[in-house]
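Okay, so here's the structure we're looking at.
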There are 2 protein chains.
Amino acid sequence: MQIKKSLFTFICVSFFLSSAAQVEYVDPMIGTDGMGHTFPGACVPFGGVQLSPDTDTVPHNLGGKYQHDVYKYCAGYQYSDSTIVGFSHTHFSGTGHSDLGDILIMPTTGELKLNPGTASAPDSGYRSRFSHDTEKASPGYYEVVLADYDVTARLTATKRVGVHSYSFGKVGKERIIMDLNHGIYNYEGKTLWASVRVENDTLLTGYRITNGWARTNYTYFAISLSKPIKNYGYIDRAKSNYRGGWGKFNVNCNFPEMGGRNIVSYFEFDHEDGEDLVVKVALSATGADGALRNLMAEAAGKTFEAVAQEASDEWSERLGAFRIDGTDSQKRMFYTSLYHTMINPSVYMDVDGRYRGLDQNIHHAEGFTNYTVFSLWDTYRALHPFLTLFMPDRSRDMVASMLYHQRQSVHGLLPVWSHMANDNWCMSGYHAVSVLADAYVKGVVTDPSDLLKAMTATSNVAYYEGIGDYLKYGYVPYDKSKTGASATLEYAYDDWTIYMTASLAGDSVTAGRYRSRAMSYENVYNKNTGFSHPRYADGDFKRQFDPKETTGEGFIEGNSWNFTFHVPHDVAGLIRLAGGEKKFVARLDSLFGMHLDPKYYADNEDVTEDCLIGGYVHGNEPSHHIPYLYAWTSEPWKTQYWVREIMNRMYRDGIRGLGGNDDCGQMSAWYIFTAMGFYPVCPGTDQYIIGAPYLPYMEVSLPSGKHLVIKAPGVSDRNRYVKEVRLNGKRHMKAYLTHKELTDGGVIEFVMASKPVRSRIESTVMPYSLSE
Amino acid sequence: MQIKKSLFTFICVSFFLSSAAQVEYVDPMIGTDGMGHTFPGACVPFGGVQLSPDTDTVPHNLGGKYQHDVYKYCAGYQYSDSTIVGFSHTHFSGTGHSDLGDILIMPTTGELKLNPGTASAPDSGYRSRFSHDTEKASPGYYEVVLADYDVTARLTATKRVGVHSYSFGKVGKERIIMDLNHGIYNYEGKTLWASVRVENDTLLTGYRITNGWARTNYTYFAISLSKPIKNYGYIDRAKSNYRGGWGKFNVNCNFPEMGGRNIVSYFEFDHEDGEDLVVKVALSATGADGALRNLMAEAAGKTFEAVAQEASDEWSERLGAFRIDGTDSQKRMFYTSLYHTMINPSVYMDVDGRYRGLDQNIHHAEGFTNYTVFSLWDTYRALHPFLTLFMPDRSRDMVASMLYHQRQSVHGLLPVWSHMANDNWCMSGYHAVSVLADAYVKGVVTDPSDLLKAMTATSNVAYYEGIGDYLKYGYVPYDKSKTGASATLEYAYDDWTIYMTASLAGDSVTAGRYRSRAMSYENVYNKNTGFSHPRYADGDFKRQFDPKETTGEGFIEGNSWNFTFHVPHDVAGLIRLAGGEKKFVARLDSLFGMHLDPKYYADNEDVTEDCLIGGYVHGNEPSHHIPYLYAWTSEPWKTQYWVREIMNRMYRDGIRGLGGNDDCGQMSAWYIFTAMGFYPVCPGTDQYIIGAPYLPYMEVSLPSGKHLVIKAPGVSDRNRYVKEVRLNGKRHMKAYLTHKELTDGGVIEFVMASKPVRSRIESTVMPYSLSE
């Protein structure tokens with residue numbers, strides 16, 4: 001009874017929290033300093049426009065220095081900067097590689113400057129100094145005062161339209177700069193061509209094509225202006241064969257058809273009327289006509305305030321599905337994490353369903369919404385399972401987007417790291433198969449034939465990163481690929497997800513083939529050392545080998561210490577290889593307890609002290625499941641211990657709050673799952689491995705209309721240990737929760753304790769392992 | 001009776017000529033040497049593909065020399081060259097400015113060379129020596145032996161597909177090069193981006209975007225190969241930010257997704273099978289998917305021979321509409337001219353009606369075929385009237401294409417010199433209005449409201465080449481524009497065509513306004529000198545003035561001696577200005593009789609001795625109507641004299657046969673009209689001014705099914721004078737024939753004489769003049 005009463009109280013409290021409350025806890029500034037690589041600007045959930053200030057990108061003539069800045073400015077914004085170059089419309093959220101920053105707009109007054117200038121000499125260009133004191137950021141809204149021009153800039157967005165409102169304080173020219181050369185990842189001259197048409201005095205259309213990290217990226221735009229243009233023009237810093245109308249027109253001044261390889265244009269307005277200038281920038285990847293349709297559908301006739309309110313309302317609705325109890329700091333971190341899970345992937349489709357496919361043809365999406373920005377090496381782990389669990393419609397559309405991507409791929413490959421109708425194949429594996437399998441196993445997609453076709457095609461592209469060798473040798477030899485050991489581990493897991501899909505679909509031939517491939521992890525395991533090792537084609541393991549070393553030792557973005565644990569689909573098998581549970585636990589303990597000499601991460605952009613616990617690297621993905629592996633042993637309390645350590649130390653309520661790149665929401669999804677007390681260690685099973693909840697109370701409105709309540713009365717850093725789990729009042733004796741148990745809704749109650757239950761109760765049902 | 005019998009004989013002879021006969025008289029080599037700027041390659045009538053050998057374009061590092069070569073290689077081919085770089089798919093016919101040369105393919109053997117090399121050192125690149133002895137060219141067909149590789153190359157085309165057949169003689173590698181950097185007008189690095197996808201071992205797709213004379217030109221392609229590719233690769237000579245798959249793939253070898261700013265790719269085939277390699281290259285401006293649809297619709301499943309036969313048959317049908325008597329040399333010149341009137345404008349639309357509009361959006365053509373390549377300053381004079389008379393369906397579609405162009409223009413301008421969804425605004429005037437008016441006056445288009453809207457919008461774009469000044473001053477002042485005098489003359493005529501359209505449409509307000517504008521030619525006429533003069537804004541004429549000088553004296557591509565006569569709509573008014581008929585005739589006589597010092601054309605690329613008769617310049621357009629102006633005087637025999645002189649001296653049956661650029665068929669259309677014995681001096685009237693026929697017999701099958709027979713028994717250089725004209729047996733007393741008289745069909749008989757009728761019969765009805 002007491003339990004029920006307290007449950008009732010909690011529900012009432014949470015229900016009657018205004019939905020605005022959740023939004024107010026989101027701090028988009030978290031992660032903007034240092035490695036988080038999040039952006040502070042405005043977007044709606046999964047929106048195609050991310051309108052945000054760029055404090056710098058890559059100066060044009062940096063020489064050898066660019067590599068560092070390419071990494072630093074993944075989101076275009078670094079908190080430590082003191083100038084803003086302008087506001088551009090596309091940004092990755094938390095990535096470890098940079099691109100985008102399309103269609104930069106900057107309001108200026110006074111002398112006309114058509115170059116961005118430098119941070120050290122801001123007056124040399126159109127950029128402006130700013131103070132963080134003037135910044136306001138909330139979901140769907142950003143505000144800042146541009147000190148050099150006394151302009152208050154406010155930003156908001158719809159799915160496809162960025163809306164700017166500029167309040168010009170100073171008397172003088174009222175102007176916006178549109179720099180179509182500006183971009184993130186711009187060091188070799190990114191813009192191939194840019195064009196602006198002045199359709200009339202309040203409407204611009206145009207496009208730019210860039211060669212950035214996306215090999216080619218087509219960004220069309222339609223821009224409406226709340227005031228008529230009085231005067232405009234542009235410069236082109238590049239040579240062009242023919243710019244049109246030479247000698248017949250003055251093309252640089254008030255000529256409505258601007259274009260070139262490196263153009264910066266400006267538009268001047270009447271200042272005397274005292275009205276704010278509202279600029280609505282609609283994007284499309286299909287054409288200026290598509291952008292115009294997007295503009296009309298989403299933003300025409302709306303005030304800035306109305307759009308901002310709609311954006312805020314949409315965030316309120318999404319964030320409001322999660323109601324939690326906790327400290328204000330915990331709430332900020334939780335809702336900000338939740339916010340960060342809903343930025344990428346992003347809608348990449350016009351309002352009428354047209355989108356640019358990977359084949360660069362314009363397609364029409366029949367019955368689904370097309371998404372882009374798939375950072376799958378990161379996001380297959382927790383972000384996609386999170387969406388599959390709580391936003392199955394989104395997940396279904398993302399699966400459809402990936403399937404069409406595969407059909408449009410000349411390689412027949414599912415996306416690896418794809419954005420804007422391109423794949424850059426960053427990182428390793430073909431983890432889209434994991435997302436597909438997980439969605440299938442969890443019933444979010446129901447027809448396996450298309451899935452299996454795409455999965456098997458992808459996994460047999462012989463020229464893709466050693467797959468041919470993998471099929472020939474059973475592993476990717478070190479003499480063929482310097483990251484062959486990790487590739488083998490990633491492929492083995494990916495192949496297991498194909499096995500699961502085929503198996504569930506009743507395709508036993510395919511299942512059999514991929515079951516064998518899924519065991520390939522054994523082929524790089526060196527029983528003499530207990531580590532996964534780089535191995536030569538002749539069968540020998542590499543002799544001189546340092547399992548703490550990240551570079552050159554057969555692994556990518558992770559060392560053998562971490563990567564050896566990358567067998568999420570067969571932890572029992574890995575335990576056997578390790579020589580039994582005791583040795584396995586000892587190895588896990590050593591990972592968390594070791595001292596890692598800084599020499600091992602001095603040159604590694606993804607690893608800093610901020611994201612280390614012993615040798616465990618939370619700042620990068622290969623380790624994310626490791627704390628949960630104790631669940632397969634008799635000492636699950638160690639998971640309970642370490643996940644709270646990680647939550648406390650790696651997610652800090654502050655601008656430098658993220659210990660590593662948020663990676664399109666992967667880090668944040670890890671946070672949400674872990675806060676709930678479980679984590680999808682092995683996507684492709686229907687199991688969520690139980691850890692320990694972080695908060696005393698959480699209630700989630702499920703898409704079915706049901707509610708999932710997670711209670712952990714008295715949980716704290718001291719009371720971090722789980723004594724007992726109850727599901728809808730009954731003692732829960734499994735080390736995991738199933739997808740169905742979660743989607744059915746109900747109450748999960750964790751009985752917390754200050755002391756660990758040091759050994760597992762014998763009747764506990766252990767989680768899935770392939771070879772058991 | 002005798003006459004009737006001979007008519008019957010002629011008709012029988014001509015009807016029973018096989019239709020192939022006309023094709024056989026066409027020599028596509030005519031005009032390929034020197035200034036003609038025609039191409040010898042393969043196309044179908046008005047086809048979007050013109051597949052032709054490029055003997056050179058602009059070497060990459062020519063420095064100051066490029067300007068000359070840009071002009072020389074307008075068609076990509078110069079007869080005097082001894083090497084062929086390759087075969088590209090788009091060519092202008094006879095222009096005076098260069099562009100295109102898209103998607104170059106070259107078969108090679110032996111050592112792999114991925115640069116074109118130079119003419120002086122052909123072995124330094126993939127180009128090959130060739131001998132004209134191995135060339136065969138006929139409508140829709142071209143053949144040559146590439147000596148360096150012992151490859152016999154044969155080319156043919158459909159509307160949207162170029163088809164190559166390569167017979168490799170030598171044992172060795174069998175290979176094609178695809179150079180996506182190659183292009184005509186390539187001196188600043190024309191290719192912005194190029195991409196090739198190897199869809200499978202017999203299908204390629206891709207595109208390139210260029211910045212040439214067309215500011216941006218999107219050429220997508222789909223290429224089918226008759227043999228499977230064995231091996232392929234590419235180089236990229238430019239820096240790219242990201243080319244895709246670095247470190248993960250060997251992108252340069254057998255990687256099916258090639259791309260870059262300066263790429264040259266190669267494809268190797270099995271030679272041992274002894275089969276010819278057939279390469280079908282479909283083009284589209286909308287997308288690779290559009291190109292693939294074009295390929296499937298027009299060329300899939302057809303042998304090279306079948307496509308070549310279809311191309312030849314289509315030419316036979318078109319050329320067969322004209323049956324003539326004459327010497328073989330006259331027939332070659334006639335049918336070659338006829339051939340040249342049917343190349344530009346060209347279809348610019350996919351088989352499904354999709355096309356790229358001037359606004360760069362993809363449109364669907366509803367109820368018309370979209371055309372491009374409008375060289376209107378040239379072609380409004382005779383080519384468009386020729387098409388309006390004999391191919392009204394084409395003319396109607398071209399008018400529709402221009403109207404949509406105007407709607408898609410951000411300036412609201414009809415095309416000036418437009419190609420591939422761009423306007424380069426080359427030359428002066430807005431002569432599209434003439435084409436529209438002419439089509440309306442002649443009943444080819446019937447609804448004037450769209451026409452008038454487009455015409456009046458075009459003629460009031462104040463910032464277009466002095467229109468604002470023209471409206472303000474009544475002329476374009478010399479101090480505002482160095483070509484203000486000719487601009488004024490061109491605008492005055494163009495405005496007259498708007499007057500005619502409005503007048504016929506019953507819009508008297510518009511008619512009145514444009515009637516006044518049409519008289520503007522008076523404002524640059526200096527009665528003191530009898531010449532049109534450059535005039536300053538203050539009303540003064542330029543004092544130091546040489547009416548023989550082409551450059552810097554107020555005119556464009558013509559001197560005052562010729563341009564003064566540019567009042568085709570009011571010859572009577574011009575005669576009055578000149579001080580009466582006697583003075584006017586004397587001035588005409590002087591033009592043809594004068595000696596023009598070579599200093600006046602030493603630096604003029606459009607004028608050589610080849611195209612001069614006295615001071616009359618047939619090689620460029622402003623003079624084309626002048627020989628017919630005697631028709632407004634009492635001495636029309638002088639027209640009869642001079643037109644035959646021009647026919648004999650400016651159109652020569654040989655490779656150097658054209659005295660000037662053929663200008664998209666304008667020179668050729670002049671030839672055809674003049675050969676028929678009449679010429680549309682003033683498009684926009686329904687009158688064709690009678691000159692003197694060139695051939696003894698001609699019969700034209702009209703689109704209505706009627707026939708037009710033109711007889712001039714005994715005509716010869718001696719019997720060049722017209723004694724009498726009979727229309728359907730009745731004495732014809734007008735100095736002109738009307739459009740209806742021609743389209744009604746029938747027999748026009750010219751009674752020829754060796755001596756001129758020195759003065760006009762008084763009852764002759766004079767041609768139209770505005771101010772009469």
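Just remember, in the structure tokens the first chain shown is A, the second B, etc., residues are 1-based per chain, and ligands are 1-based in the order shown.
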
_Tell me as a PyMOL selection string which residues belonging to chain B come within 9 Å of chain A, counting only C-alpha atoms._
chain B and resi 185-190+192-193+197-200+211-216+239-250+255-257+259-261+286-290+359-362+410-411+422-426+428+463-466+481

Taking the backbone alone, and naming residues the way the document does, which bits of range 22-61 of chain A are alpha helix (DSSP H) by DSSP, as a PDB file with all heavy atoms, in the first residue's frame?
```
ATOM      1  N   GLN A  22       9.950  20.694 -18.545  1.00  0.00           N
ATOM      2  CA  GLN A  22      11.037  19.891 -19.109  1.00  0.00           C
ATOM      3  C   GLN A  22      11.915  20.730 -20.037  1.00  0.00           C
ATOM      4  O   GLN A  22      13.133  20.667 -20.000  1.00  0.00           O
ATOM      5  CB  GLN A  22      10.471  18.679 -19.866  1.00  0.00           C
ATOM      6  CG  GLN A  22       9.912  17.594 -18.954  1.00  0.00           C
ATOM      7  CD  GLN A  22       8.434  17.754 -18.692  1.00  0.00           C
ATOM      8  OE1 GLN A  22       7.739  18.440 -19.425  1.00  0.00           O
ATOM      9  NE2 GLN A  22       7.949  17.147 -17.624  1.00  0.00           N
ATOM     10  N   VAL A  23      11.247  21.529 -20.887  1.00  0.00           N
ATOM     11  CA  VAL A  23      12.007  22.379 -21.814  1.00  0.00           C
ATOM     12  C   VAL A  23      12.943  23.297 -21.049  1.00  0.00           C
ATOM     13  O   VAL A  23      14.086  23.517 -21.441  1.00  0.00           O
ATOM     14  CB  VAL A  23      11.044  23.205 -22.695  1.00  0.00           C
ATOM     15  CG1 VAL A  23      11.820  24.246 -23.482  1.00  0.00           C
ATOM     16  CG2 VAL A  23      10.274  22.295 -23.641  1.00  0.00           C
ATOM     17  N   GLU A  24      12.447  23.797 -19.950  1.00  0.00           N
ATOM     18  CA  GLU A  24      13.257  24.770 -19.219  1.00  0.00           C
ATOM     19  C   GLU A  24      14.526  24.175 -18.621  1.00  0.00           C
ATOM     20  O   GLU A  24      15.469  24.893 -18.322  1.00  0.00           O
ATOM     21  CB  GLU A  24      12.409  25.438 -18.123  1.00  0.00           C
ATOM     22  CG  GLU A  24      11.520  26.502 -18.731  1.00  0.00           C
ATOM     23  CD  GLU A  24      10.372  26.910 -17.817  1.00  0.00           C
ATOM     24  OE1 GLU A  24      10.448  26.634 -16.604  1.00  0.00           O
ATOM     25  OE2 GLU A  24       9.401  27.486 -18.347  1.00  0.00           O
ATOM     26  N   TYR A  25      14.530  22.865 -18.444  1.00  0.00           N
ATOM     27  CA  TYR A  25      15.747  22.235 -17.918  1.00  0.00           C
ATOM     28  C   TYR A  25      16.807  22.012 -18.987  1.00  0.00           C
ATOM     29  O   TYR A  25      17.949  21.710 -18.679  1.00  0.00           O
ATOM     30  CB  TYR A  25      15.403  20.910 -17.233  1.00  0.00           C
ATOM     31  CG  TYR A  25      14.773  21.106 -15.869  1.00  0.00           C
ATOM     32  CD1 TYR A  25      13.456  20.761 -15.627  1.00  0.00           C
ATOM     33  CD2 TYR A  25      15.518  21.669 -14.822  1.00  0.00           C
ATOM     34  CE1 TYR A  25      12.867  20.949 -14.385  1.00  0.00           C
ATOM     35  CE2 TYR A  25      14.938  21.869 -13.571  1.00  0.00           C
ATOM     36  CZ  TYR A  25      13.624  21.517 -13.355  1.00  0.00           C
ATOM     37  OH  TYR A  25      13.073  21.722 -12.136  1.00  0.00           O
TER      38      TYR A  25
END
```

Review point. Can you list, as JSON, numbers by chain, every protein, DNA or RNA residue that comes within 10 Å of Met342 in chain A when you count only C-alpha atoms, leaving out same-chain residues fewer than 5 positions away?
Key: {"A": [43, 44, 45, 46, 47, 93, 315, 318, 319, 337, 383, 387, 664, 665, 668, 669]}

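Coordinates place CA of Lys740 in chain A at a distance of 29.5 Å from CA of Thr458 in chain A.
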
Nearest to Val251 in chain A, restricted to only C-alpha atoms and choosing among A:Leu358, A:Phe269, A:Ile223, A:Tyr232, comes out as A:Tyr232

(Q) I need the strand (DSSP E) residues of range 596-702 of chain A per DSSP on the backbone, written as a ChimeraX atom specification. (A) /A:612-613,616-617,678-679,687-690,697-701

Atom pair CA of Asp179 in chain B + CA of Ala153 in chain B, distance 17.1 Å

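Using only C-alpha atoms, the smallest distance between any of B:Met391, B:Ile498, B:Ala675, B:Val461 and Leu413 in chain B comes from B:Val461.
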
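The coordinates place CA of Ile84 in chain B at 11.7 Å from CA of Tyr149 in chain B.
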
Polymer residues at most 7 Å from Asp27 in chain A, only C-alpha atoms, same-chain spacing of 3 or more positions, as a list in words: Ile30, Ala137, Ser138, Arg332 and Thr336 of chain A

For the residues in that selection, give me all heavy atoms as an mmCIF file, in the first residue's frame.
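Below you can see selection.cif, which holds the result:
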```cif
data_model
loop_
_atom_site.group_PDB
_atom_site.id
_atom_site.type_symbol
_atom_site.label_atom_id
_atom_site.label_comp_id
_atom_site.auth_asym_id
_atom_site.auth_seq_id
_atom_site.Cartn_x
_atom_site.Cartn_y
_atom_site.Cartn_z
ATOM 1 N N ILE A 30 25.313 23.093 -22.870
ATOM 2 C CA ILE A 30 26.077 21.947 -22.364
ATOM 3 C C ILE A 30 26.745 21.228 -23.537
ATOM 4 O O ILE A 30 26.085 20.882 -24.518
ATOM 5 C CB ILE A 30 25.162 20.971 -21.571
ATOM 6 C CG1 ILE A 30 24.721 21.631 -20.257
ATOM 7 C CG2 ILE A 30 25.880 19.642 -21.299
ATOM 8 C CD1 ILE A 30 23.730 20.792 -19.444
ATOM 9 N N ALA A 137 19.778 30.415 -24.725
ATOM 10 C CA ALA A 137 19.561 29.245 -25.579
ATOM 11 C C ALA A 137 18.567 28.318 -24.913
ATOM 12 O O ALA A 137 18.682 28.004 -23.726
ATOM 13 C CB ALA A 137 20.876 28.514 -25.825
ATOM 14 N N SER A 138 17.583 27.912 -25.670
ATOM 15 C CA SER A 138 16.626 26.910 -25.196
ATOM 16 C C SER A 138 16.180 26.114 -26.412
ATOM 17 O O SER A 138 16.463 26.512 -27.545
ATOM 18 C CB SER A 138 15.441 27.609 -24.500
ATOM 19 O OG SER A 138 14.759 28.424 -25.429
ATOM 20 N N ARG A 332 18.678 19.003 -15.457
ATOM 21 C CA ARG A 332 19.304 19.696 -16.594
ATOM 22 C C ARG A 332 20.057 18.706 -17.469
ATOM 23 O O ARG A 332 19.965 18.719 -18.678
ATOM 24 C CB ARG A 332 20.243 20.803 -16.089
ATOM 25 C CG ARG A 332 19.559 22.145 -15.920
ATOM 26 C CD ARG A 332 20.557 23.282 -15.790
ATOM 27 N NE ARG A 332 21.423 23.118 -14.631
ATOM 28 C CZ ARG A 332 21.102 23.506 -13.379
ATOM 29 N NH1 ARG A 332 19.938 24.098 -13.149
ATOM 30 N NH2 ARG A 332 21.938 23.332 -12.389
ATOM 31 N N THR A 336 18.713 17.742 -21.112
ATOM 32 C CA THR A 336 19.626 18.147 -22.180
ATOM 33 C C THR A 336 20.065 16.921 -22.972
ATOM 34 O O THR A 336 20.155 16.951 -24.212
ATOM 35 C CB THR A 336 20.842 18.899 -21.587
ATOM 36 O OG1 THR A 336 20.359 20.041 -20.873
ATOM 37 C CG2 THR A 336 21.796 19.352 -22.683
#
```

Worksheet entry | Long-range neighbours of Ala735 in chain B as an MDAnalysis selection string, 8 Å cut-off, only C-alpha atoms, 6 positions minimum in chain | chainID B and resid 631 689:690 764:767

Which residues are close to Gln50 in chain A, i.e. within 12 Å by only C-alpha atoms, leaving aside same-chain residues fewer than 2 positions away? Reply as a PyMOL selection string. chain A and resi 38-48+52-54+75-76+87-93+100-104+139-142+155-163+281-283+342-347
